[in-house]
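> CSV, C-alpha atoms, saved as final-v6.csv, coming up:
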```
chain,number,residue,atom,x,y,z
A,1,MET,CA,122.5,20.7,180.4
A,2,ILE,CA,124.4,23.8,181.4
A,3,ARG,CA,123.1,25.6,178.3
A,4,TRP,CA,119.5,24.8,179.3
A,5,TRP,CA,120.1,26.2,182.8
A,6,ILE,CA,121.6,29.4,181.3
A,7,SER,CA,118.7,29.8,178.9
A,8,ALA,CA,116.2,29.2,181.7
A,9,LEU,CA,117.8,31.8,183.9
A,10,GLN,CA,117.9,34.3,181.0
A,11,LEU,CA,114.2,33.8,180.3
A,12,THR,CA,113.3,34.1,184.0
A,13,GLU,CA,115.3,37.3,184.1
A,14,LEU,CA,113.5,38.6,181.0
A,15,PHE,CA,110.1,37.7,182.5
A,16,VAL,CA,110.8,39.4,185.9
A,17,SER,CA,112.3,42.5,184.2
A,18,SER,CA,109.3,42.8,181.9
A,19,ILE,CA,106.8,42.6,184.7
A,20,VAL,CA,108.7,45.2,186.8
A,21,HIS,CA,108.8,47.7,183.8
A,22,LEU,CA,105.2,47.0,182.9
A,23,LEU,CA,104.1,47.6,186.5
A,24,TYR,CA,106.1,50.8,186.8
A,25,GLY,CA,104.7,52.0,183.5
A,26,PHE,CA,101.1,51.2,184.6
A,27,TYR,CA,101.8,53.0,187.9
A,28,ILE,CA,102.8,56.2,186.1
A,29,PHE,CA,99.9,56.0,183.6
A,30,SER,CA,97.3,55.2,186.3
A,31,SER,CA,98.7,58.0,188.6
A,32,ALA,CA,98.1,60.5,185.7
A,33,VAL,CA,94.6,59.2,185.0
A,34,ALA,CA,93.7,59.1,188.7
A,35,GLY,CA,94.9,62.7,189.1
A,36,ASP,CA,92.9,63.9,186.1
A,37,LEU,CA,89.7,62.1,187.3
A,38,SER,CA,90.1,63.5,190.8
A,39,GLN,CA,90.4,67.0,189.4
A,40,VAL,CA,87.3,66.6,187.2
A,41,LEU,CA,85.3,65.2,190.1
A,42,ASN,CA,86.3,67.9,192.5
A,43,GLU,CA,85.3,70.6,190.0
A,44,TYR,CA,82.0,68.9,189.4
A,45,PHE,CA,80.9,68.1,192.9
A,46,PHE,CA,82.6,70.8,194.9
A,47,LYS,CA,81.8,74.0,192.9
A,48,PRO,CA,82.1,77.1,195.0
A,49,ASN,CA,78.6,78.4,195.9
A,50,VAL,CA,79.3,81.7,197.7
A,51,ASN,CA,78.3,85.2,197.0
A,52,VAL,CA,81.2,87.5,196.5
A,53,ILE,CA,80.8,90.9,198.1
A,54,GLU,CA,83.1,93.7,196.9
A,55,VAL,CA,84.3,96.1,199.6
A,56,LYS,CA,86.0,99.2,198.4
A,57,GLN,CA,88.9,100.3,200.5
A,58,GLU,CA,92.0,102.4,200.2
A,59,PRO,CA,95.1,100.6,199.2
A,60,PRO,CA,97.6,100.2,202.0
A,61,TYR,CA,100.7,102.4,202.0
A,62,VAL,CA,103.7,100.6,200.4
A,63,PRO,CA,107.1,102.1,200.8
A,64,THR,CA,109.1,102.7,197.7
A,65,ALA,CA,111.1,99.6,196.8
A,66,LYS,CA,113.8,98.8,194.3
A,67,PRO,CA,112.5,98.1,190.8
A,68,THR,CA,112.0,94.4,190.1
A,69,ILE,CA,113.0,92.6,186.9
A,70,ASP,CA,110.1,91.9,184.5
A,71,ALA,CA,109.8,88.1,184.1
A,72,ASN,CA,109.2,88.6,180.4
A,73,THR,CA,112.7,90.0,180.0
A,74,LEU,CA,114.3,87.0,181.6
A,75,PRO,CA,115.7,84.3,179.3
A,76,PRO,CA,113.6,81.1,179.6
A,77,ILE,CA,114.8,78.0,181.3
A,78,VAL,CA,114.0,75.0,179.2
A,79,LEU,CA,113.6,71.7,180.9
A,80,VAL,CA,114.3,68.8,178.5
A,81,HIS,CA,113.1,65.3,179.5
A,82,GLY,CA,114.9,62.0,178.9
A,83,ILE,CA,114.0,58.6,177.5
A,84,PHE,CA,110.3,57.6,177.9
A,85,GLY,CA,109.8,61.2,179.2
A,86,PHE,CA,107.0,63.7,178.4
A,87,GLY,CA,106.5,67.4,178.4
A,88,LYS,CA,103.8,69.8,179.5
A,89,GLY,CA,100.3,68.7,178.3
A,90,LYS,CA,101.0,65.0,178.2
A,91,LEU,CA,99.8,62.5,180.8
A,92,GLY,CA,97.3,65.0,182.1
A,93,GLY,CA,98.5,67.0,185.0
A,94,LEU,CA,101.5,64.8,185.8
A,95,SER,CA,104.8,66.5,185.7
A,96,TYR,CA,108.0,64.8,184.5
A,97,PHE,CA,110.1,67.1,186.6
A,98,ALA,CA,107.8,66.7,189.6
A,99,GLY,CA,106.6,70.3,189.5
A,100,ALA,CA,110.1,71.9,189.5
A,101,GLU,CA,108.9,74.1,186.6
A,102,LYS,CA,106.8,76.0,189.1
A,103,LYS,CA,109.9,77.2,190.9
A,104,ASP,CA,110.5,80.0,188.4
A,105,GLU,CA,108.3,82.4,186.5
A,106,ARG,CA,109.6,81.5,183.0
A,107,VAL,CA,110.2,77.8,182.5
A,108,LEU,CA,109.3,75.8,179.4
A,109,VAL,CA,108.8,72.1,179.3
A,110,PRO,CA,108.7,70.8,175.7
A,111,ASP,CA,107.2,67.5,174.8
A,112,LEU,CA,109.7,65.7,172.5
A,113,GLY,CA,109.6,62.2,171.1
A,114,SER,CA,110.1,59.9,174.1
A,115,LEU,CA,111.9,57.2,172.0
A,116,THR,CA,113.0,59.1,168.9
A,117,SER,CA,116.7,59.6,168.2
A,118,ILE,CA,118.8,62.4,169.7
A,119,TYR,CA,119.0,64.0,166.3
A,120,ASP,CA,115.3,64.0,165.7
A,121,ARG,CA,114.6,65.4,169.2
A,122,ALA,CA,117.1,68.2,168.7
A,123,ARG,CA,115.3,69.2,165.5
A,124,GLU,CA,111.9,69.1,167.3
A,125,LEU,CA,113.3,71.2,170.2
A,126,PHE,CA,114.4,74.0,167.8
A,127,TYR,CA,111.0,74.3,166.1
A,128,TYR,CA,109.2,74.1,169.4
A,129,LEU,CA,111.0,77.2,170.4
A,130,LYS,CA,111.1,79.1,167.1
A,131,GLY,CA,107.9,77.9,165.7
A,132,GLY,CA,107.0,76.4,162.2
A,133,LYS,CA,107.0,73.0,160.7
A,134,VAL,CA,109.6,70.6,162.1
A,135,ASP,CA,112.1,69.8,159.3
A,136,TYR,CA,114.2,66.8,160.0
A,137,GLY,CA,116.4,67.4,156.9
A,138,GLU,CA,116.1,65.9,153.5
A,139,GLU,CA,119.3,63.7,153.6
A,140,HIS,CA,118.6,62.4,157.1
A,141,SER,CA,115.0,61.6,156.4
A,142,LYS,CA,115.8,59.7,153.2
A,143,ALA,CA,118.5,57.7,155.0
A,144,CYS,CA,116.2,56.8,157.8
A,145,GLY,CA,113.1,56.2,155.8
A,146,HIS,CA,110.7,58.7,157.3
A,147,SER,CA,108.9,61.9,156.3
A,148,GLN,CA,111.1,65.0,156.1
A,149,PHE,CA,108.5,67.1,157.9
A,150,GLY,CA,106.8,66.6,161.3
A,151,ARG,CA,104.4,68.5,163.5
A,152,VAL,CA,103.6,72.2,163.1
A,153,TYR,CA,104.1,74.7,165.8
A,154,GLU,CA,101.8,77.6,164.8
A,155,GLN,CA,103.4,79.8,167.4
A,156,GLY,CA,106.9,79.2,168.8
A,157,HIS,CA,107.3,79.2,172.5
A,158,TYR,CA,110.2,81.7,172.2
A,159,PRO,CA,110.2,83.0,168.7
A,160,GLU,CA,112.6,85.9,169.5
A,161,TRP,CA,115.3,83.3,170.3
A,162,ASP,CA,118.7,84.3,168.9
A,163,ALA,CA,122.2,85.3,170.0
A,164,ASP,CA,120.8,88.4,171.7
A,165,HIS,CA,118.1,86.4,173.4
A,166,PRO,CA,119.8,83.2,174.5
A,167,ILE,CA,118.3,80.4,176.6
A,168,HIS,CA,119.2,78.3,179.6
A,169,PHE,CA,118.8,74.6,179.1
A,170,VAL,CA,118.4,71.9,181.8
A,171,GLY,CA,118.4,68.3,180.5
A,172,HIS,CA,117.7,65.1,182.4
A,173,SER,CA,119.3,61.9,181.2
A,174,ALA,CA,119.2,61.8,177.4
A,175,GLY,CA,117.8,65.3,177.4
A,176,ALA,CA,121.2,66.7,178.2
A,177,GLN,CA,122.6,65.1,175.1
A,178,VAL,CA,119.7,66.5,173.0
A,179,VAL,CA,120.8,70.0,174.1
A,180,ARG,CA,124.4,69.4,173.2
A,181,VAL,CA,123.4,68.2,169.7
A,182,LEU,CA,121.1,71.2,169.3
A,183,GLN,CA,123.9,73.6,170.1
A,184,GLN,CA,126.2,71.9,167.6
A,185,MET,CA,123.4,72.2,165.0
A,186,LEU,CA,123.1,75.9,165.8
A,187,ALA,CA,126.9,76.3,165.4
A,188,ASP,CA,126.7,74.5,162.0
A,189,LYS,CA,123.8,76.6,160.8
A,190,ALA,CA,121.9,73.3,160.1
A,191,PHE,CA,118.4,74.8,160.0
A,192,LYS,CA,117.2,75.8,156.6
A,193,GLY,CA,116.0,79.4,156.5
A,194,TYR,CA,117.9,80.3,159.7
A,195,GLU,CA,121.4,81.3,158.4
A,196,ASN,CA,122.2,83.4,161.5
A,197,THR,CA,122.1,80.6,164.1
A,198,SER,CA,125.2,80.2,166.3
A,199,GLU,CA,126.4,78.4,169.4
A,200,ASN,CA,125.8,81.7,171.3
A,201,TRP,CA,122.1,81.1,171.2
A,202,VAL,CA,122.7,78.8,174.2
A,203,LEU,CA,123.4,80.7,177.5
A,204,SER,CA,124.0,77.7,179.7
A,205,ILE,CA,123.5,73.9,179.9
A,206,THR,CA,122.7,72.2,183.2
A,207,SER,CA,122.7,68.4,183.3
A,208,LEU,CA,120.8,66.1,185.7
A,209,SER,CA,122.3,62.6,185.3
A,210,GLY,CA,123.1,63.5,181.7
A,211,ALA,CA,123.8,60.7,179.2
A,212,PHE,CA,126.8,62.5,177.7
A,213,ASN,CA,128.8,59.4,176.8
A,214,GLY,CA,126.2,56.7,176.6
A,215,THR,CA,125.4,53.9,179.1
A,216,THR,CA,126.2,50.2,179.5
A,217,ARG,CA,122.5,49.7,180.5
A,218,THR,CA,121.7,49.6,176.8
A,219,TYR,CA,123.5,46.2,176.5
A,220,LEU,CA,121.7,44.8,179.6
A,221,ASP,CA,118.4,45.7,178.0
A,222,GLY,CA,119.3,44.0,174.7
A,223,MET,CA,121.5,46.1,172.4
A,224,GLN,CA,124.2,44.1,170.6
A,225,PRO,CA,127.7,45.1,171.9
A,226,GLU,CA,129.2,44.2,168.6
A,227,ASP,CA,127.6,47.1,166.6
A,228,GLY,CA,125.6,49.1,169.2
A,229,ARG,CA,122.7,49.3,166.7
A,230,THR,CA,120.9,45.9,166.5
A,231,MET,CA,119.1,44.0,169.2
A,232,LYS,CA,119.5,40.5,170.6
A,233,PRO,CA,116.7,38.2,169.3
A,234,ILE,CA,115.2,37.7,172.8
A,235,CYS,CA,115.4,40.7,175.2
A,236,LEU,CA,113.5,43.4,177.0
A,237,LEU,CA,114.0,45.9,174.1
A,238,GLN,CA,112.4,43.5,171.6
A,239,LEU,CA,109.3,43.4,173.8
A,240,CYS,CA,109.4,47.2,173.9
A,241,ARG,CA,109.8,47.4,170.2
A,242,ILE,CA,106.8,45.2,169.5
A,243,GLY,CA,104.6,47.2,172.0
A,244,VAL,CA,105.6,50.5,170.5
A,245,ILE,CA,104.9,49.4,166.9
A,246,ILE,CA,101.5,48.1,167.8
A,247,TYR,CA,100.7,51.2,169.9
A,248,ASP,CA,101.6,53.5,166.9
A,249,TRP,CA,99.8,51.2,164.4
A,250,LEU,CA,96.5,51.3,166.3
A,251,ASP,CA,96.7,55.1,166.2
A,252,ILE,CA,94.1,55.7,168.9
A,253,VAL,CA,93.9,59.5,168.9
A,254,TRP,CA,92.9,60.1,172.5
A,255,LEU,CA,95.5,57.7,173.7
A,256,LYS,CA,98.3,59.3,171.6
A,257,ASP,CA,97.2,62.7,172.8
A,258,TYR,CA,97.7,61.4,176.3
A,259,TYR,CA,101.2,59.9,175.6
A,260,ASN,CA,103.1,59.6,172.3
A,261,PHE,CA,106.4,57.9,171.6
A,262,GLY,CA,107.1,60.4,168.9
A,263,PHE,CA,107.2,58.3,165.8
A,264,ASP,CA,104.5,60.0,163.8
A,265,HIS,CA,106.9,61.0,161.1
A,266,PHE,CA,107.4,57.3,160.3
A,267,SER,CA,103.8,57.0,159.4
A,268,MET,CA,103.2,53.7,161.1
A,269,SER,CA,99.4,54.2,161.5
A,270,TRP,CA,97.1,51.4,160.2
A,271,LYS,CA,95.5,54.1,158.0
A,272,LYS,CA,98.8,54.5,156.1
A,273,MET,CA,100.6,51.1,156.1
A,274,GLY,CA,97.8,48.5,156.7
A,275,ILE,CA,98.4,45.0,157.8
A,276,ARG,CA,101.2,44.3,155.5
A,277,GLY,CA,103.1,47.4,156.7
A,278,LEU,CA,102.6,46.2,160.3
A,279,LEU,CA,104.1,42.9,159.5
A,280,ASP,CA,107.1,44.5,157.8
A,281,CYS,CA,107.7,46.6,160.9
A,282,LEU,CA,107.3,43.6,163.3
A,283,MET,CA,109.7,41.6,161.1
A,284,GLY,CA,112.3,44.4,161.3
A,285,ASN,CA,112.2,45.4,157.7
A,286,THR,CA,111.0,49.0,158.1
A,287,GLY,CA,110.4,51.6,160.7
A,288,PRO,CA,112.7,53.4,163.3
A,289,PHE,CA,114.0,50.1,164.8
A,290,ALA,CA,115.1,48.9,161.4
A,291,SER,CA,116.9,52.1,160.4
A,292,GLY,CA,118.4,52.6,163.9
A,293,ASP,CA,116.8,56.1,164.1
A,294,TRP,CA,115.7,55.8,167.7
A,295,ILE,CA,117.1,56.7,171.1
A,296,LEU,CA,118.9,53.4,172.2
A,297,PRO,CA,121.6,53.3,169.5
A,298,ASP,CA,122.5,56.8,170.5
A,299,LEU,CA,123.1,55.7,174.1
A,300,THR,CA,125.4,52.7,173.5
A,301,ILE,CA,129.1,52.8,174.4
A,302,GLN,CA,132.2,50.5,174.3
A,303,GLY,CA,133.8,50.6,177.7
A,304,ASP,CA,135.7,48.9,180.6
A,305,GLU,CA,135.7,48.9,184.4
A,306,ASP,CA,135.7,52.7,184.6
A,307,TRP,CA,132.0,52.5,183.7
A,308,TRP,CA,130.9,50.3,186.6
A,309,ASP,CA,129.7,53.0,189.0
A,310,ASN,CA,126.1,53.9,188.0
A,311,ASP,CA,122.7,55.1,189.2
A,312,GLY,CA,120.8,52.1,188.0
A,313,ALA,CA,120.4,53.5,184.4
A,314,LEU,CA,123.4,55.6,183.6
A,315,ASN,CA,127.1,55.2,184.4
A,316,THR,CA,128.6,57.9,186.6
A,317,ILE,CA,131.5,58.5,184.2
A,318,SER,CA,129.0,59.4,181.5
A,319,MET,CA,127.2,62.0,183.6
A,320,THR,CA,130.0,64.3,184.7
A,321,HIS,CA,131.0,65.8,181.4
A,322,PRO,CA,131.4,65.0,177.7
A,323,ARG,CA,134.4,62.8,176.9
A,324,LEU,CA,133.7,61.9,173.3
A,325,PRO,CA,135.1,62.5,170.7
A,326,ILE,CA,137.4,64.6,172.8
A,327,GLU,CA,137.2,65.2,176.6
A,328,HIS,CA,135.8,68.6,177.6
A,329,PRO,CA,137.3,70.7,180.5
A,330,SER,CA,135.5,69.9,183.8
A,331,CYS,CA,135.6,70.7,187.5
A,332,TYR,CA,134.4,68.6,190.4
A,333,VAL,CA,132.6,70.8,192.9
A,334,VAL,CA,132.7,70.1,196.6
A,335,ASN,CA,131.8,73.6,197.9
A,336,ASP,CA,130.0,76.1,195.6
A,337,SER,CA,132.3,78.9,196.9
A,338,ASP,CA,135.3,77.1,195.5
A,339,CYS,CA,134.2,77.6,191.9
A,340,GLN,CA,132.9,81.2,191.9
A,341,PRO,CA,132.5,82.8,189.5
A,342,LEU,CA,131.6,80.2,187.0
A,343,GLN,CA,133.8,80.3,183.9
A,344,PRO,CA,132.5,79.7,180.3
A,345,GLY,CA,133.7,76.5,178.6
A,346,ILE,CA,133.9,74.3,181.8
A,347,TRP,CA,131.5,71.6,183.0
A,348,TYR,CA,131.0,71.9,186.7
A,349,TYR,CA,129.6,68.8,188.4
A,350,LYS,CA,128.5,67.4,191.7
A,351,ILE,CA,127.9,63.8,192.7
A,352,VAL,CA,124.8,63.1,194.7
A,353,GLU,CA,123.9,59.7,196.0
A,354,ALA,CA,120.6,58.9,194.3
A,355,ASP,CA,119.0,56.7,191.6
A,356,HIS,CA,118.3,57.9,188.1
A,357,ILE,CA,114.7,59.1,188.6
A,358,PHE,CA,115.2,60.5,192.1
A,359,PHE,CA,114.6,64.1,191.0
A,360,ILE,CA,111.8,63.6,188.6
A,361,VAL,CA,108.1,62.4,188.5
A,362,ASN,CA,107.7,61.8,192.3
A,363,ARG,CA,108.7,64.8,194.4
A,364,GLU,CA,108.2,63.1,197.8
A,365,ARG,CA,110.9,60.5,197.2
A,366,ALA,CA,113.7,63.2,197.1
A,367,GLY,CA,112.2,65.2,199.9
A,368,VAL,CA,114.2,68.3,200.9
A,369,GLN,CA,116.9,67.4,198.4
A,370,PHE,CA,114.5,68.0,195.5
A,371,ASP,CA,114.1,71.7,196.6
A,372,LEU,CA,117.9,72.1,197.2
A,373,ILE,CA,118.7,70.8,193.7
A,374,TYR,CA,116.2,72.7,191.6
A,375,ASP,CA,116.4,75.9,193.7
A,376,ALA,CA,120.2,75.9,193.1
A,377,ILE,CA,119.8,75.3,189.4
A,378,PHE,CA,117.3,78.1,188.8
A,379,GLU,CA,119.1,80.5,191.1
A,380,ARG,CA,122.4,79.9,189.2
A,381,CYS,CA,120.6,80.4,185.9
A,382,ARG,CA,119.1,83.7,187.1
A,383,LYS,CA,122.5,84.9,188.2
A,384,HIS,CA,123.7,84.5,184.6
A,385,VAL,CA,121.0,86.4,182.8
A,386,PHE,CA,123.3,88.1,180.3
A,387,ARG,CA,126.4,86.7,178.7
A,388,LYS,CA,129.6,88.6,179.5
A,389,ASN,CA,132.1,86.5,177.6
A,390,LEU,CA,131.5,84.7,174.3
A,391,PRO,CA,131.8,80.9,174.7
A,392,THR,CA,133.9,78.8,172.4
A,393,LEU,CA,132.5,76.5,169.7
A,394,PRO,CA,130.7,73.3,170.9
A,395,ASP,CA,133.4,71.2,169.2
A,396,GLN,CA,135.9,72.7,171.6
A,397,SER,CA,134.0,73.0,174.9
A,398,HIS,CA,130.7,73.7,176.5
A,399,HIS,CA,129.5,75.5,179.6
```
Let's see the structure in the file written out as structure tokens.

Amino acid sequence: MIRWWISALQLTELFVSSIVHLLYGFYIFSSAVAGDLSQVLNEYFFKPNVNVIEVKQEPPYVPTAKPTIDANTLPPIVLVHGIFGFGKGKLGGLSYFAGAEKKDERVLVPDLGSLTSIYDRARELFYYLKGGKVDYGEEHSKACGHSQFGRVYEQGHYPEWDADHPIHFVGHSAGAQVVRVLQQMLADKAFKGYENTSENWVLSITSLSGAFNGTTRTYLDGMQPEDGRTMKPICLLQLCRIGVIIYDWLDIVWLKDYYNFGFDHFSMSWKKMGIRGLLDCLMGNTGPFASGDWILPDLTIQGDEDWWDNDGALNTISMTHPRLPIEHPSCYVVNDSDCQPLQPGIWYYKIVEADHIFFIVNRERAGVQFDLIYDAIFERCRKHVFRKNLPTLPDQSHH
């Protein structure tokens, strides 16, 4: 009898959780569609109908000022989204970072796979910046059962990127871990045809609720704690898995242009795998969920009571600084003046009372704290335009 009650409670919890996540997803999607429709209608019905009269006048006197820095000479600040996230150009005019990218003149917001593995996303980020065809690596691609090559960036968003032209990175959630892996790949010279890469290509890393050491939330959603790779037979992640497979299999072009989970290199379209391939994916025989080459296995951990404090999605202990495989130097910041100047190789962190999505998507929720957080991040990046001291290898420490 007790077993029946436990099963009933688990199914009820799964049902409620599924409804909540579906409603939130629908809210985000419908908000994007509504925003786009509103913009189109405004442009159609309220076209400006005025005659412009040019009046020639002498320019006002402007006193000589100090020369300003050309924005094109500044290193870009790259905002990297987390799980289920999206970059510029997806979901219409909706911004994952709630418009924070408008706070600086040179900010890039790449669109990476929202559910692809940390490894795959790091590879995609490299080619987004340098340009060219995404190369996931021959060995990795064979092991995970997908194509070695992905989308093509005809023009990189920062093709001059190198040790002399490094970049600031700001990662939210799993995005912070993507940047760490990318820096390690640069240090390992892991990109074919780019033998001069090094860890010095990264000027700084800023993390917003970064998933440095995983999260216990993965187990609540359905990952098996025994191996951290497989899923429980009945869980929220199984429903997500089925939905993603069907979404990719249907391959509705306009819909995937609007939002894409990032599994195109697995060739799950009906055009390529047919009905039989769909059944194989749903049965767990092929695809990213069968090989484990997706985001959730990368976020699992094995922990104790030190992991209890959290923001609803990530554990606080995982956000402050990397602890695995070795713990990196860190400094808890109470007052900014206490840690000036910032030293390379140290993770400086603050703890702000907020949930996991407080500083993304919906700007109004965070209110004035939104401006305080992002203004401080961008101001700090701009203070460190040029590297004065060479950082140590990513294996030893990060800054």
> Do you know which residues are at most 7 Å from Gly131 of chain A counting all atoms listed in the file, after dropping those on the same chain fewer than 4 positions away, and could you put them as an MDAnalysis selection string?
chainID A and resid 127 153:157 159
> Neighbouring residues of Thr206 of chain A were defined as those with any atom within 7 Å, considering all atoms listed in the file; residues of the same chain fewer than 3 positions away were excluded. Please report them as a PDB file with C-alpha atoms, keeping the file's coordinate frame.

```
ATOM      1  CA  PHE A 169     118.800  74.600 179.100  1.00  0.00           C
ATOM      2  CA  VAL A 170     118.400  71.900 181.800  1.00  0.00           C
ATOM      3  CA  GLY A 171     118.400  68.300 180.500  1.00  0.00           C
TER       4      GLY A 171
END
```
> Hey, which of A:Asn362, A:Asn42, A:Gln184, A:Asn200 ends up closest to Tyr27 of chain A? Count all atoms listed in the file.
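Residue with the minimum atom-to-atom distance to Tyr27 of chain A: A:Asn362.
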> Quick one: residues within 9 Å of segment 372-382 of chain A, all atoms listed in the file counted, chain neighbours fewer than 5 positions away excluded, as a compact mmCIF listing (two decimals) with C-alpha atoms, in the coordinates of the input?

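Now in out.txt:
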```txt
# COMPACT_ATOMS: atom_id res chain seq x y z
CA LEU A 74 114.30 87.00 181.60
CA PRO A 75 115.70 84.30 179.30
CA ILE A 77 114.80 78.00 181.30
CA ALA A 100 110.10 71.90 189.50
CA GLU A 101 108.90 74.10 186.60
CA LYS A 103 109.90 77.20 190.90
CA ASP A 104 110.50 80.00 188.40
CA HIS A 168 119.20 78.30 179.60
CA VAL A 170 118.40 71.90 181.80
CA LEU A 203 123.40 80.70 177.50
CA SER A 204 124.00 77.70 179.70
CA THR A 206 122.70 72.20 183.20
CA PHE A 359 114.60 64.10 191.00
```
> Can you tell me which residues surround Pro110 of chain A at a distance of at most 7 Å, considering all atoms listed in the file, apart from same-chain residues fewer than 3 positions away, and format the answer as a list in words?
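In the requested format, the answer is Val80, Gly87 and Lys88 of chain A.
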> Using only C-alpha atoms, which of the listed residues (A:Phe370, A:Phe289, A:Tyr24, A:Tyr194) sits closest to Trp161 of chain A?
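Closest to Trp161 of chain A of all the choices is A:Tyr194.
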> From the list A:Leu186, A:Leu255, A:Leu112, A:Ile118, which residue is nearest Asp293 of chain A when using only C-alpha atoms?
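Ranking A:Leu186, A:Leu255, A:Leu112, A:Ile118 by distance to Asp293 of chain A, first place goes to A:Ile118.
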> Which residues come within 12 Å of Gln10 of chain A, counting all atoms listed in the file, excluding same-chain residues fewer than 2 positions away, as a PyMOL selection string?
chain A and resi 3-8+12-17+220-222+234-236
> Could you tell me how far atom CA of Val109 of chain A sits from atom CA of Pro288 of chain A, in Å to one decimal place?
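Separating atom CA of Pro288 of chain A from atom CA of Val109 of chain A is a distance of 24.9 Å.
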